[in-house]
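To start, the structure itself, in structure tokens.
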Amino acid sequence: MLVTNAHVTLQCRRRGLPLQVRGVSGTWRVVQEEPQTDLALLTGAALPAHQLALSSATQLPRGLAVMALGYPVASADGVPAGGLRSSLGHLLRASLTVHEPEGGRANSFVVRNGQGQEVAATWDDGLRYFGPHQASRLRWLLEIDAPTANGSSGGPVLDSAGDVVGVIYAGDPQRGLTAVVPLEDLREFLLRAGVTPWFRPRPLTTDLDWRRIRSDAARAVYRVFC
């Protein structure tokens with residue numbers, strides 16, 4: 001089984017094209033699709049026995065070091081088009097956005113106090129900014145400063161233990177920011193689909209080796225397209 005964005009599966013269906021997974025032959029189908037969380041679960045041909053663990057954290061701290069993995073459609077940073085690209089950054093904030101999974105867009109805002117300092121946004125802030133008529137589309141997303149590009153949608157965001165803390169939703173290359181589906185939404189989505197997330201004990205070592213984390217995770221990250 002593979003997790004991706006609902007806006008990926010929705011666009012393929014709208015175009016009348018079958019879902020494909022690069023490097024894996026066979027038919028793939030959607031077994032769970034939730035536009036409200038922009039997550040989809042695919043099943044199909046057998047994959048190598050490697051999977052990514054989900055973080056067991058109850059709350060992600062601001063400033064958490066993360067790595068984003070995806071398959072951008074254009075070449076960047078020496079990675080050819082369609083190749084696996086990784087980028088490093090940190091968790092900046094939880095932001096409210098008008099959720100548009102059909103287009104993979106995420107519009108967000110920042111709240112500041114009278115001294116110009118950033119403060120946490122509230123649901124009421126979101127209603128005031130976007131308007132009450134957008135309440136049904138209003139969702140929480142995470143913002144990280146690990147840059148991603150078009151085509152990376154559905155890729156995992158990992159912490160320094162190599163555990164998944166979110167799913168790439170949309171990138172803003174001009175600002176170097178990426179919107180991410182939160183960990184809690186991913187956990188609950190999998191449980192609704194009847195899939196028990198895999199958690200593993202936290203490593204005892206504190207050595208940070210992003211190269212090893214990327215190498216391990218790459219075995220479980222695939223390019224989904226149509």
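Going through the structure tokens in order, the chains are called A, B, and so on, while each chain numbers its residues from 1 and the ligands are numbered from 1 in the order shown.
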Next item on the list: Go through segment 96-195 of chain A and collect every residue that DSSP, computed from the backbone, puts in alpha helix (DSSP H); the answer should be as a list in words.
Entry: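 The alpha helix (DSSP H) subset of segment 96-195 of chain A is Trp123, Asp124, Asp125, Gly126, Leu127, Arg128, Tyr129, Phe130, Leu183, Glu184, Asp185, Leu186, Arg187, Glu188, Phe189, Leu190, Leu191 and Arg192 of chain A.
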Wanna dump the segment 29-108 of chain A-segment 159-178 of chain A contacts at 9 Å for me, each residue with its shortest atom pair and the distance in Å to one decimal, counting only C-alpha atoms, ordered by chain and number, as a tab-separated table?
residue	atom	partner	partner_atom	distance
A:Asp38	CA	A:Tyr169	CA	7.7
A:Leu39	CA	A:Val167	CA	8.5
A:Leu52	CA	A:Asp163	CA	6.6
A:Ala53	CA	A:Asp163	CA	5.1
A:Leu54	CA	A:Val164	CA	4.6
A:Ser55	CA	A:Asp163	CA	5.0
A:Ser56	CA	A:Asp163	CA	8.6
A:Ala57	CA	A:Val165	CA	8.5
A:Leu60	CA	A:Val165	CA	8.1
A:Leu64	CA	A:Asp159	CA	7.4
A:Ala65	CA	A:Asp159	CA	6.2
A:Val66	CA	A:Asp159	CA	4.7
A:Met67	CA	A:Asp159	CA	6.5
A:Ala68	CA	A:Ile168	CA	7.5
A:Leu69	CA	A:Ile168	CA	8.3
A:Gly70	CA	A:Ile168	CA	8.1
A:Pro101	CA	A:Tyr169	CA	8.6
A:Gly104	CA	A:Ala170	CA	5.9
A:Arg105	CA	A:Ala170	CA	6.2
A:Ala106	CA	A:Ala170	CA	6.6
Can you spit out the residues from that selection as a CSV table (one decimal), in the first residue's frame, using N, CA and C atoms?
chain,number,residue,atom,x,y,z
A,38,ASP,N,-6.9,15.6,2.1
A,38,ASP,CA,-6.1,15.5,0.9
A,38,ASP,C,-5.1,14.3,1.1
A,39,LEU,N,-5.7,13.2,1.5
A,39,LEU,CA,-4.9,11.9,1.6
A,39,LEU,C,-5.6,10.8,0.8
A,52,LEU,N,7.9,2.9,6.0
A,52,LEU,CA,8.3,4.0,6.9
A,52,LEU,C,7.4,4.0,8.1
A,53,ALA,N,8.1,4.2,9.3
A,53,ALA,CA,7.4,4.3,10.5
A,53,ALA,C,6.8,5.7,10.7
A,54,LEU,N,5.7,5.8,11.4
A,54,LEU,CA,5.2,7.1,11.8
A,54,LEU,C,5.7,7.5,13.1
A,55,SER,N,5.9,8.8,13.3
A,55,SER,CA,6.3,9.4,14.6
A,55,SER,C,5.2,9.1,15.6
A,56,SER,N,5.6,8.8,16.8
A,56,SER,CA,4.7,8.6,17.9
A,56,SER,C,4.5,9.9,18.7
A,57,ALA,N,5.1,11.0,18.3
A,57,ALA,CA,5.0,12.2,19.0
A,57,ALA,C,3.6,12.7,19.2
A,60,LEU,N,4.4,18.2,17.8
A,60,LEU,CA,5.7,18.5,17.2
A,60,LEU,C,6.1,19.9,17.6
A,64,LEU,N,11.5,22.0,14.9
A,64,LEU,CA,11.9,20.6,14.7
A,64,LEU,C,12.6,20.4,13.3
A,65,ALA,N,13.8,19.8,13.3
A,65,ALA,CA,14.5,19.5,12.1
A,65,ALA,C,13.8,18.5,11.3
A,66,VAL,N,13.6,18.7,10.0
A,66,VAL,CA,12.9,17.8,9.1
A,66,VAL,C,13.6,17.6,7.8
A,67,MET,N,13.2,16.6,7.1
A,67,MET,CA,13.7,16.3,5.7
A,67,MET,C,12.4,16.0,4.9
A,68,ALA,N,12.3,16.7,3.7
A,68,ALA,CA,11.2,16.4,2.8
A,68,ALA,C,11.7,15.6,1.6
A,69,LEU,N,11.0,14.6,1.2
A,69,LEU,CA,11.4,13.8,0.0
A,69,LEU,C,10.2,13.8,-1.0
A,70,GLY,N,10.6,14.0,-2.3
A,70,GLY,CA,9.6,14.0,-3.4
A,70,GLY,C,10.3,13.8,-4.7
A,101,PRO,N,-7.9,20.7,-2.5
A,101,PRO,CA,-7.2,19.6,-3.0
A,101,PRO,C,-7.3,19.4,-4.5
A,104,GLY,N,-4.3,21.4,-5.5
A,104,GLY,CA,-3.1,21.3,-4.7
A,104,GLY,C,-2.6,22.7,-4.3
A,105,ARG,N,-3.5,23.6,-3.9
A,105,ARG,CA,-3.1,24.9,-3.5
A,105,ARG,C,-3.3,25.1,-2.0
A,106,ALA,N,-2.5,25.9,-1.4
A,106,ALA,CA,-2.6,26.2,0.1
A,106,ALA,C,-2.3,27.7,0.3
Which residues of segment 59-111 of chain A sit at most 9 Å from segment 127-132 of chain A, using only C-alpha atoms? Give each one's shortest atom pair and distance in Å (one decimal place), in chain and ascending residue order, as CSV.
residue,atom,partner,partner_atom,distance
A:Thr97,CA,A:Phe130,CA,8.4
A:Val98,CA,A:Phe130,CA,7.4
A:Phe109,CA,A:Tyr129,CA,8.0
Residues from the last selection, N, CA and C atoms, saved as a PDB file, in the first residue's frame:
ATOM      1  N   THR A  97      -5.389  27.246   6.417  1.00  0.00           N
ATOM      2  CA  THR A  97      -5.407  27.446   4.979  1.00  0.00           C
ATOM      3  C   THR A  97      -6.773  27.096   4.433  1.00  0.00           C
ATOM      4  N   VAL A  98      -7.122  27.699   3.323  1.00  0.00           N
ATOM      5  CA  VAL A  98      -8.305  27.265   2.575  1.00  0.00           C
ATOM      6  C   VAL A  98      -7.870  26.088   1.728  1.00  0.00           C
ATOM      7  N   PHE A 109      -1.655  32.445   6.112  1.00  0.00           N
ATOM      8  CA  PHE A 109      -1.370  33.787   6.599  1.00  0.00           C
ATOM      9  C   PHE A 109      -0.641  33.672   7.933  1.00  0.00           C
TER      10      PHE A 109
END
Margin query: Could you list, as a ChimeraX atom specification, every residue within 6 Å of Leu141 of chain A, counting only C-alpha atoms and ignoring same-chain residues fewer than 3 positions away?
Written below: /A:94-95,180-182
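Between atom CA of Ile144 of chain A and atom CA of Leu158 of chain A lies a distance of 11.4 Å.
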Counting only C-alpha atoms, what are the residues of segment 122-215 of chain A within 10 Å of segment 6-19 of chain A, and for each of them which pair of atoms is the nearest and at what distance in Å, to one decimal? Sort the table by chain and rising number, as JSON lines.
{"residue": "A:Gly151", "atom": "CA", "partner": "A:Val8", "partner_atom": "CA", "distance": 9.4}
{"residue": "A:Ser153", "atom": "CA", "partner": "A:Val8", "partner_atom": "CA", "distance": 7.6}
{"residue": "A:Gly154", "atom": "CA", "partner": "A:Val8", "partner_atom": "CA", "distance": 7.9}
{"residue": "A:Tyr169", "atom": "CA", "partner": "A:His7", "partner_atom": "CA", "distance": 8.9}
Notebook entry, point to check: Out of A:Leu191, A:Leu41, A:Leu138, A:Leu183, which residue has the shortest atom-to-atom distance to Thr58 of chain A when counting only C-alpha atoms?
Noted result: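 Closest residue, counting only C-alpha atoms: A:Leu183.
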Note to self: Just want the 8 Å neighbourhood of segment 83-87 of chain A, counted on only C-alpha atoms, with same-chain residues fewer than 3 positions away dropped. Output as a PyMOL selection string.
What the structure shows: chain A and resi 67-72+75+79-80+146-148+214+218
Output N, CA and C atoms of each residue in that selection to a file, as a CSV table (one decimal), in the first residue's frame.
chain,number,residue,atom,x,y,z
A,67,MET,N,13.2,16.6,7.1
A,67,MET,CA,13.7,16.3,5.7
A,67,MET,C,12.4,16.0,4.9
A,68,ALA,N,12.3,16.7,3.7
A,68,ALA,CA,11.2,16.4,2.8
A,68,ALA,C,11.7,15.6,1.6
A,69,LEU,N,11.0,14.6,1.2
A,69,LEU,CA,11.4,13.8,0.0
A,69,LEU,C,10.2,13.8,-1.0
A,70,GLY,N,10.6,14.0,-2.3
A,70,GLY,CA,9.6,14.0,-3.4
A,70,GLY,C,10.3,13.8,-4.7
A,71,TYR,N,9.4,13.8,-5.7
A,71,TYR,CA,9.9,13.6,-7.1
A,71,TYR,C,9.4,14.8,-8.0
A,72,PRO,N,10.1,15.9,-7.9
A,72,PRO,CA,9.7,17.1,-8.7
A,72,PRO,C,9.8,16.8,-10.2
A,75,SER,N,14.0,19.4,-13.2
A,75,SER,CA,15.3,19.2,-12.6
A,75,SER,C,15.6,20.4,-11.6
A,79,VAL,N,19.5,17.3,-9.5
A,79,VAL,CA,18.7,16.1,-9.5
A,79,VAL,C,17.8,16.2,-10.8
A,80,PRO,N,17.9,15.2,-11.7
A,80,PRO,CA,17.2,15.2,-13.0
A,80,PRO,C,15.7,15.2,-12.7
A,146,ALA,N,11.7,23.6,4.3
A,146,ALA,CA,12.4,22.7,3.4
A,146,ALA,C,11.7,22.9,2.0
A,147,PRO,N,12.4,23.5,1.1
A,147,PRO,CA,11.7,23.8,-0.2
A,147,PRO,C,11.4,22.5,-1.0
A,148,THR,N,10.3,22.5,-1.7
A,148,THR,CA,9.9,21.4,-2.6
A,148,THR,C,9.3,22.0,-3.8
A,214,ARG,N,18.0,9.5,4.6
A,214,ARG,CA,17.5,9.5,3.2
A,214,ARG,C,17.7,8.2,2.5
A,218,ALA,N,14.4,6.2,1.1
A,218,ALA,CA,14.3,6.1,-0.4
A,218,ALA,C,13.7,4.8,-0.8
Note to self: Between atom CA of Asp207 of chain A and atom CA of Pro48 of chain A, what is the distance in Å, rounded to a tenth?
What the structure shows: 27.6 Å
Margin query: DSSP on the backbone: which residues in segment 142-204 of chain A end up as strand (DSSP E or B)? Give the answer as a PyMOL selection string.
Written below: chain A and resi 142-144+156-158+164-172+177-182
Next item on the list: Using atom CA of His90 of chain A and atom CA of Ser108 of chain A as the two end points, give the distance in Å to one decimal.
Entry: 17.4 Å
